[in-house]
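Trainee: Here you go, this is query-v2.pdb (PDB, C-alpha atoms, pLDDT in the B column).
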MODEL        1
ATOM      1  CA  MET Y   1     -11.137  22.049 -12.664  1.00 57.00           C
ATOM      2  CA  GLY Y   2     -10.471  19.501  -9.908  1.00 67.00           C
ATOM      3  CA  ARG Y   3     -11.020  15.821  -9.651  1.00 75.00           C
ATOM      4  CA  ARG Y   4     -14.534  14.695  -9.097  1.00 79.00           C
ATOM      5  CA  ARG Y   5     -15.410  12.772  -5.971  1.00 79.00           C
ATOM      6  CA  LEU Y   6     -15.834   9.026  -6.463  1.00 74.00           C
ATOM      7  CA  LYS Y   7     -18.704   7.199  -4.894  1.00 75.00           C
ATOM      8  CA  LEU Y   8     -17.328   4.442  -2.704  1.00 79.00           C
ATOM      9  CA  GLU Y   9     -19.240   1.433  -3.893  1.00 85.00           C
ATOM     10  CA  ARG Y  10     -18.399  -1.862  -5.549  1.00 84.00           C
ATOM     11  CA  ILE Y  11     -17.378  -1.582  -9.210  1.00 85.00           C
ATOM     12  CA  GLU Y  12     -19.689  -3.871 -11.129  1.00 86.00           C
ATOM     13  CA  ASP Y  13     -17.618  -4.277 -14.323  1.00 87.00           C
ATOM     14  CA  LYS Y  14     -15.126  -7.090 -13.632  1.00 86.00           C
ATOM     15  CA  SER Y  15     -12.317  -5.764 -15.855  1.00 87.00           C
ATOM     16  CA  SER Y  16     -12.665  -2.229 -14.451  1.00 87.00           C
ATOM     17  CA  ARG Y  17     -12.697  -3.640 -10.937  1.00 87.00           C
ATOM     18  CA  GLN Y  18      -9.530  -5.652 -11.629  1.00 87.00           C
ATOM     19  CA  ALA Y  19      -7.767  -2.648 -13.183  1.00 88.00           C
ATOM     20  CA  THR Y  20      -8.747  -0.442 -10.244  1.00 88.00           C
ATOM     21  CA  PHE Y  21      -7.630  -3.107  -7.776  1.00 89.00           C
ATOM     22  CA  SER Y  22      -4.267  -3.441  -9.491  1.00 89.00           C
ATOM     23  CA  LYS Y  23      -3.666   0.328  -9.563  1.00 90.00           C
ATOM     24  CA  ARG Y  24      -4.842   0.902  -6.011  1.00 91.00           C
ATOM     25  CA  ARG Y  25      -2.866  -2.097  -4.733  1.00 91.00           C
ATOM     26  CA  ASN Y  26       0.315  -0.754  -6.295  1.00 91.00           C
ATOM     27  CA  GLY Y  27      -0.465   2.662  -4.832  1.00 92.00           C
ATOM     28  CA  ILE Y  28      -0.947   1.334  -1.317  1.00 92.00           C
ATOM     29  CA  PHE Y  29       2.261  -0.722  -1.570  1.00 90.00           C
ATOM     30  CA  LYS Y  30       4.084   2.429  -2.693  1.00 92.00           C
ATOM     31  CA  LYS Y  31       2.610   4.400   0.246  1.00 93.00           C
ATOM     32  CA  ALA Y  32       3.572   1.616   2.688  1.00 91.00           C
ATOM     33  CA  LYS Y  33       7.148   1.682   1.386  1.00 90.00           C
ATOM     34  CA  GLU Y  34       7.277   5.481   1.564  1.00 91.00           C
ATOM     35  CA  ILE Y  35       6.051   5.652   5.169  1.00 91.00           C
ATOM     36  CA  SER Y  36       8.486   2.892   6.097  1.00 88.00           C
ATOM     37  CA  VAL Y  37      11.463   4.741   4.604  1.00 89.00           C
ATOM     38  CA  LEU Y  38      10.495   8.310   5.523  1.00 91.00           C
ATOM     39  CA  CYS Y  39       9.450   7.615   9.113  1.00 90.00           C
ATOM     40  CA  ASP Y  40      11.758   4.666   9.831  1.00 86.00           C
ATOM     41  CA  VAL Y  41       8.912   2.398  10.945  1.00 87.00           C
ATOM     42  CA  ASP Y  42       8.058  -1.250  10.399  1.00 86.00           C
ATOM     43  CA  VAL Y  43       5.094  -1.708   8.072  1.00 88.00           C
ATOM     44  CA  ALA Y  44       3.169  -4.884   7.293  1.00 87.00           C
ATOM     45  CA  LEU Y  45       0.477  -4.922   4.642  1.00 88.00           C
ATOM     46  CA  ILE Y  46      -1.598  -7.984   3.713  1.00 86.00           C
ATOM     47  CA  ILE Y  47      -4.166  -8.005   0.912  1.00 88.00           C
ATOM     48  CA  PHE Y  48      -6.337 -10.885  -0.273  1.00 84.00           C
ATOM     49  CA  SER Y  49      -7.965 -10.299  -3.634  1.00 83.00           C
ATOM     50  CA  SER Y  50     -11.474 -11.441  -4.485  1.00 79.00           C
ATOM     51  CA  THR Y  51      -9.891 -14.466  -6.203  1.00 81.00           C
ATOM     52  CA  ASN Y  52      -8.099 -15.250  -2.907  1.00 79.00           C
ATOM     53  CA  LYS Y  53      -4.664 -14.224  -4.167  1.00 84.00           C
ATOM     54  CA  LEU Y  54      -2.294 -13.108  -1.455  1.00 83.00           C
ATOM     55  CA  TYR Y  55      -0.362  -9.846  -1.743  1.00 84.00           C
ATOM     56  CA  GLN Y  56       1.892  -8.805   1.101  1.00 85.00           C
ATOM     57  CA  TYR Y  57       4.472  -6.190   1.902  1.00 85.00           C
ATOM     58  CA  SER Y  58       6.717  -5.904   4.913  1.00 85.00           C
ATOM     59  CA  SER Y  59       9.373  -3.285   5.430  1.00 82.00           C
ATOM     60  CA  ASN Y  60      12.746  -4.096   6.990  1.00 72.00           C
ATOM     61  CA  SER Y  61      11.685  -7.096   9.060  1.00 66.00           C
ATOM     62  CA  ARG Y  62      10.063 -10.353   8.151  1.00 74.00           C
ATOM     63  CA  MET Y  63       6.278 -10.316   8.063  1.00 76.00           C
ATOM     64  CA  SER Y  64       6.095 -12.867  10.878  1.00 77.00           C
ATOM     65  CA  LYS Y  65       8.197 -10.670  13.183  1.00 78.00           C
ATOM     66  CA  ILE Y  66       5.942  -7.663  12.600  1.00 78.00           C
ATOM     67  CA  LEU Y  67       2.799  -9.745  13.157  1.00 76.00           C
ATOM     68  CA  GLN Y  68       4.310 -11.219  16.318  1.00 77.00           C
ATOM     69  CA  ARG Y  69       5.029  -7.694  17.581  1.00 79.00           C
ATOM     70  CA  TYR Y  70       1.422  -6.793  16.805  1.00 78.00           C
ATOM     71  CA  HIS Y  71       0.025  -9.777  18.689  1.00 76.00           C
ATOM     72  CA  ASN Y  72       2.311  -9.134  21.676  1.00 79.00           C
ATOM     73  CA  HIS Y  73       1.341  -5.463  21.880  1.00 75.00           C
ATOM     74  CA  PRO Y  74      -1.025  -4.707  24.799  1.00 77.00           C
ATOM     75  CA  ALA Y  75      -3.391  -2.622  22.638  1.00 72.00           C
ATOM     76  CA  ALA Y  76      -3.790  -5.471  20.144  1.00 65.00           C
ATOM     77  CA  LYS Y  77      -4.455  -7.974  22.932  1.00 64.00           C
ATOM     78  CA  ALA Y  78      -7.141  -5.753  24.402  1.00 64.00           C
ATOM     79  CA  ALA Y  79      -8.780  -5.091  21.020  1.00 58.00           C
ATOM     80  CA  SER Y  80      -9.002  -8.659  19.755  1.00 55.00           C
ATOM     81  CA  PRO Y  81     -10.572 -11.666  21.438  1.00 50.00           C
ATOM     82  CA  SER Y  82      -8.171 -14.460  22.327  1.00 48.00           C
ATOM     83  CA  THR Y  83      -9.867 -16.924  19.978  1.00 42.00           C
ATOM     84  CA  GLN Y  84      -9.193 -14.652  17.021  1.00 41.00           C
ATOM     85  CA  GLN Y  85      -5.584 -14.220  18.106  1.00 41.00           C
ATOM     86  CA  ASP Y  86      -5.078 -17.990  17.960  1.00 43.00           C
ATOM     87  CA  ASP Y  87      -6.207 -17.989  14.309  1.00 41.00           C
ATOM     88  CA  TYR Y  88      -3.050 -16.065  13.347  1.00 40.00           C
ATOM     89  CA  SER Y  89      -0.589 -18.168  15.298  1.00 44.00           C
ATOM     90  CA  SER Y  90       1.097 -19.552  12.178  1.00 45.00           C
ATOM     91  CA  TYR Y  91       2.859 -17.184   9.808  1.00 50.00           C
ATOM     92  CA  LEU Y  92       4.059 -17.573   6.253  1.00 57.00           C
ATOM     93  CA  THR Y  93       7.393 -19.267   5.947  1.00 61.00           C
ATOM     94  CA  CYS Y  94       9.415 -19.327   2.750  1.00 61.00           C
ATOM     95  CA  GLU Y  95       8.171 -22.838   2.055  1.00 64.00           C
ATOM     96  CA  GLU Y  96       4.531 -21.806   2.488  1.00 66.00           C
ATOM     97  CA  LEU Y  97       5.069 -18.832   0.210  1.00 65.00           C
ATOM     98  CA  LEU Y  98       6.506 -21.128  -2.459  1.00 64.00           C
ATOM     99  CA  GLN Y  99       3.542 -23.499  -2.072  1.00 67.00           C
ATOM    100  CA  ILE Y 100       1.080 -20.632  -2.459  1.00 68.00           C
ATOM    101  CA  VAL Y 101       2.854 -19.356  -5.570  1.00 64.00           C
ATOM    102  CA  ASP Y 102       3.074 -22.867  -7.006  1.00 65.00           C
ATOM    103  CA  ARG Y 103      -0.626 -23.403  -6.364  1.00 65.00           C
ATOM    104  CA  LYS Y 104      -1.544 -20.057  -7.918  1.00 60.00           C
ATOM    105  CA  LEU Y 105       0.660 -20.544 -10.982  1.00 58.00           C
ATOM    106  CA  GLY Y 106      -0.573 -24.099 -11.433  1.00 58.00           C
ATOM    107  CA  GLU Y 107      -4.206 -23.010 -11.596  1.00 53.00           C
ATOM    108  CA  PRO Y 108      -5.835 -22.504 -14.986  1.00 46.00           C
ATOM    109  CA  SER Y 109      -6.414 -18.854 -13.990  1.00 52.00           C
ATOM    110  CA  SER Y 110      -2.661 -18.172 -13.970  1.00 52.00           C
ATOM    111  CA  ASP Y 111      -3.171 -16.348 -17.273  1.00 56.00           C
ATOM    112  CA  ASP Y 112      -4.879 -13.644 -15.210  1.00 63.00           C
ATOM    113  CA  LEU Y 113      -1.545 -12.698 -13.642  1.00 68.00           C
ATOM    114  CA  THR Y 114      -0.375  -9.306 -14.814  1.00 77.00           C
ATOM    115  CA  ILE Y 115       3.200  -8.153 -15.227  1.00 82.00           C
ATOM    116  CA  THR Y 116       2.773  -6.323 -11.928  1.00 82.00           C
ATOM    117  CA  ASP Y 117       1.631  -9.542 -10.230  1.00 77.00           C
ATOM    118  CA  LEU Y 118       4.626 -11.403 -11.619  1.00 79.00           C
ATOM    119  CA  MET Y 119       6.976  -8.605 -10.532  1.00 82.00           C
ATOM    120  CA  HIS Y 120       5.444  -8.743  -7.055  1.00 82.00           C
ATOM    121  CA  LEU Y 121       5.930 -12.527  -6.981  1.00 79.00           C
ATOM    122  CA  GLN Y 122       9.525 -12.056  -8.087  1.00 83.00           C
ATOM    123  CA  LYS Y 123      10.060  -9.554  -5.259  1.00 84.00           C
ATOM    124  CA  GLN Y 124       8.579 -12.034  -2.780  1.00 84.00           C
ATOM    125  CA  PHE Y 125      10.869 -14.769  -4.106  1.00 83.00           C
ATOM    126  CA  GLU Y 126      13.894 -12.500  -3.814  1.00 85.00           C
ATOM    127  CA  THR Y 127      12.940 -11.594  -0.237  1.00 84.00           C
ATOM    128  CA  ALA Y 128      12.392 -15.255   0.646  1.00 83.00           C
ATOM    129  CA  LEU Y 129      15.703 -16.184  -0.994  1.00 85.00           C
ATOM    130  CA  MET Y 130      17.528 -13.424   0.888  1.00 87.00           C
ATOM    131  CA  GLN Y 131      16.001 -14.582   4.184  1.00 86.00           C
ATOM    132  CA  THR Y 132      16.943 -18.179   3.402  1.00 86.00           C
ATOM    133  CA  ARG Y 133      20.520 -17.155   2.601  1.00 88.00           C
ATOM    134  CA  GLU Y 134      20.745 -15.108   5.802  1.00 88.00           C
ATOM    135  CA  THR Y 135      19.510 -18.088   7.821  1.00 87.00           C
ATOM    136  CA  LYS Y 136      21.940 -20.404   6.049  1.00 89.00           C
ATOM    137  CA  THR Y 137      24.848 -18.021   6.669  1.00 90.00           C
ATOM    138  CA  ARG Y 138      23.884 -17.602  10.327  1.00 89.00           C
ATOM    139  CA  LEU Y 139      23.651 -21.385  10.787  1.00 90.00           C
ATOM    140  CA  LEU Y 140      26.970 -21.947   9.016  1.00 91.00           C
ATOM    141  CA  LEU Y 141      28.699 -19.329  11.173  1.00 92.00           C
ATOM    142  CA  LYS Y 142      27.172 -20.879  14.289  1.00 91.00           C
ATOM    143  CA  SER Y 143      28.340 -24.319  13.140  1.00 91.00           C
ATOM    144  CA  ILE Y 144      31.862 -23.018  12.409  1.00 93.00           C
ATOM    145  CA  SER Y 145      32.007 -21.366  15.835  1.00 92.00           C
ATOM    146  CA  SER Y 146      30.854 -24.572  17.491  1.00 92.00           C
ATOM    147  CA  LEU Y 147      33.440 -26.611  15.574  1.00 93.00           C
ATOM    148  CA  LYS Y 148      36.212 -24.162  16.542  1.00 93.00           C
ATOM    149  CA  GLU Y 149      35.210 -24.484  20.204  1.00 93.00           C
ATOM    150  CA  GLN Y 150      35.221 -28.267  19.855  1.00 94.00           C
ATOM    151  CA  GLU Y 151      38.642 -28.122  18.162  1.00 94.00           C
ATOM    152  CA  LYS Y 152      39.962 -25.955  21.003  1.00 94.00           C
ATOM    153  CA  GLN Y 153      38.675 -28.435  23.610  1.00 94.00           C
ATOM    154  CA  LEU Y 154      40.167 -31.374  21.722  1.00 94.00           C
ATOM    155  CA  GLU Y 155      43.534 -29.587  21.469  1.00 94.00           C
ATOM    156  CA  GLU Y 156      43.459 -28.923  25.226  1.00 94.00           C
ATOM    157  CA  GLU Y 157      42.581 -32.581  25.883  1.00 94.00           C
ATOM    158  CA  ASN Y 158      45.350 -33.618  23.521  1.00 94.00           C
ATOM    159  CA  MET Y 159      47.860 -31.434  25.395  1.00 94.00           C
ATOM    160  CA  VAL Y 160      46.749 -32.900  28.742  1.00 94.00           C
ATOM    161  CA  LEU Y 161      47.041 -36.429  27.379  1.00 93.00           C
ATOM    162  CA  GLN Y 162      50.426 -35.610  25.777  1.00 94.00           C
ATOM    163  CA  GLY Y 163      51.597 -34.301  29.155  1.00 93.00           C
ATOM    164  CA  LYS Y 164      50.453 -37.513  30.835  1.00 92.00           C
ATOM    165  CA  VAL Y 165      52.232 -39.591  28.174  1.00 91.00           C
ATOM    166  CA  ASN Y 166      55.439 -37.580  28.640  1.00 91.00           C
ATOM    167  CA  GLU Y 167      55.119 -37.882  32.412  1.00 91.00           C
ATOM    168  CA  SER Y 168      54.577 -41.618  32.071  1.00 90.00           C
ATOM    169  CA  LYS Y 169      57.626 -41.915  29.792  1.00 88.00           C
ATOM    170  CA  SER Y 170      59.812 -39.970  32.207  1.00 88.00           C
ATOM    171  CA  GLU Y 171      58.622 -42.148  35.108  1.00 88.00           C
ATOM    172  CA  ARG Y 172      59.461 -45.285  33.112  1.00 86.00           C
ATOM    173  CA  LYS Y 173      62.925 -43.888  32.360  1.00 84.00           C
ATOM    174  CA  LYS Y 174      63.432 -43.123  36.046  1.00 82.00           C
ATOM    175  CA  LYS Y 175      62.337 -46.659  36.917  1.00 81.00           C
ATOM    176  CA  ARG Y 176      64.722 -48.127  34.361  1.00 81.00           C
ATOM    177  CA  LYS Y 177      67.540 -46.012  35.763  1.00 79.00           C
ATOM    178  CA  ARG Y 178      66.714 -47.160  39.297  1.00 78.00           C
ATOM    179  CA  VAL Y 179      66.552 -50.763  38.159  1.00 76.00           C
ATOM    180  CA  ALA Y 180      69.851 -50.357  36.281  1.00 74.00           C
ATOM    181  CA  ILE Y 181      71.451 -48.722  39.321  1.00 75.00           C
ATOM    182  CA  ASP Y 182      70.049 -51.438  41.548  1.00 71.00           C
ATOM    183  CA  LEU Y 183      71.377 -54.130  39.197  1.00 70.00           C
ATOM    184  CA  ASN Y 184      74.794 -52.460  39.081  1.00 71.00           C
ATOM    185  CA  SER Y 185      74.968 -52.159  42.832  1.00 69.00           C
ATOM    186  CA  VAL Y 186      74.146 -55.809  43.442  1.00 60.00           C
ATOM    187  CA  PRO Y 187      77.338 -57.649  44.481  1.00 63.00           C
ATOM    188  CA  GLU Y 188      78.421 -60.583  42.380  1.00 59.00           C
TER
ENDMDL
END
Show me this structure written as structure tokens.
Mentor:
Amino acid sequence: MGRRRLKLERIEDKSSRQATFSKRRNGIFKKAKEISVLCDVDVALIIFSSTNKLYQYSSNSRMSKILQRYHNHPAAKAASPSTQQDDYSSYLTCEELLQIVDRKLGEPSSDDLTITDLMHLQKQFETALMQTRETKTRLLLKSISSLKEQEKQLEEENMVLQGKVNESKSERKKKRKRVAIDLNSVPE
């Protein structure tokens, strides 16, 4: 006895619809992760629920990088009108993600969040935190490199100036010697 075929139509019962959405959403996220790992491809998945909640998954890269690759791809440019392409010009940053989560948690409907929703939010926070730390580390390393270059230049300048000072001192000594010799050679 096999599974019966489901009719693809809107589920009228709100709680059944929500349960189905939650299960199917988790299933599609699982499939996206599997195809990403098994086939070594970049996957981006964006879902907006009927209550306008955002659910997203991106594999190895940031979502914005994958979307940028999509928009730059010739097939995507040919398929979508340029006006629609401009609608997606801004991508979610960590700050925007935090604002969305804050807005969603601050709403009275935040009791509707399931454990799965909260786990998904936690995963998004962890990803955003990891990206923020990577950016911070990259910027710190860049700053350290820049400061080392500056230190090297200052040391070279210091050596040049030290050489000039030493040269100036030796010239003054030579002058003093000449003056002393000249004073000694002057007849009395």
Trainee: Report the distance between CA of Phe125 in chain Y and CA of Thr137 in chain Y in Å, rounded to one decimal place.
Mentor: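 Separating CA of Phe125 in chain Y from CA of Thr137 in chain Y is a distance of 17.9 Å.
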Trainee: Please indicate the distance in Å from CA of Leu141 in chain Y to CA of Val160 in chain Y, rounded to one decimal place.
Mentor: 28.6 Å
Trainee: Considering all atoms listed in the file, state which residue in the set Y:Lys148, Y:Tyr57, Y:Lys164, Y:Leu183 is at the smallest distance from Thr127 in chain Y.
Mentor: Y:Tyr57
Trainee: Given the PyMOL selection byres ((chain Y and resi 59) around 12) and the file above, list the residues it selects as an MDAnalysis selection string.
Mentor: chainID Y and resid 29:45 56:58 60:66 127
Trainee: Rounded to one decimal, what separation in Å do you get between CA of Ile11 in chain Y and CA of Gln124 in chain Y?
Mentor: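 One can read the CA of Ile11 in chain Y to CA of Gln124 in chain Y distance as 28.7 Å.
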Trainee: Considering all atoms listed in the file, state which residue in the set Y:Gln68, Y:Asn26, Y:Asn52, Y:Gln153 is at the smallest distance from His120 in chain Y.
Mentor: Y:Asn26
Trainee: Report the centre and edge lengths, in Å to one decimal, of an axis-aligned box enclosing every atom of range 14-20 of chain Y listed in the file, padded by 6 Å on each side, as lines of an AutoDock Vina configuration file.
Mentor:
center_x = -11.4
center_y = -3.8
center_z = -13.0
size_x = 19.4
size_y = 18.6
size_z = 17.6
Trainee: As a check of understanding, name the residues that the PyMOL selection byres ((chain Y and resi 17-21) around 12) selects in the supplied structure, as a list of chain:residue names.
Mentor: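 Going through the file, the PyMOL selection byres ((chain Y and resi 17-21) around 12) ends up selecting Y:Glu9, Y:Arg10, Y:Ile11, Y:Glu12, Y:Asp13, Y:Lys14, Y:Ser15, Y:Ser16, Y:Ser22, Y:Lys23, Y:Arg24, Y:Arg25, Y:Asn26, Y:Gly27, Y:Ile28, Y:Phe29, Y:Ile47, Y:Phe48, Y:Ser49, Y:Ser50, Y:Thr51, Y:Tyr55, Y:Asp112, Y:Leu113, Y:Thr114, Y:Thr116, Y:Asp117.
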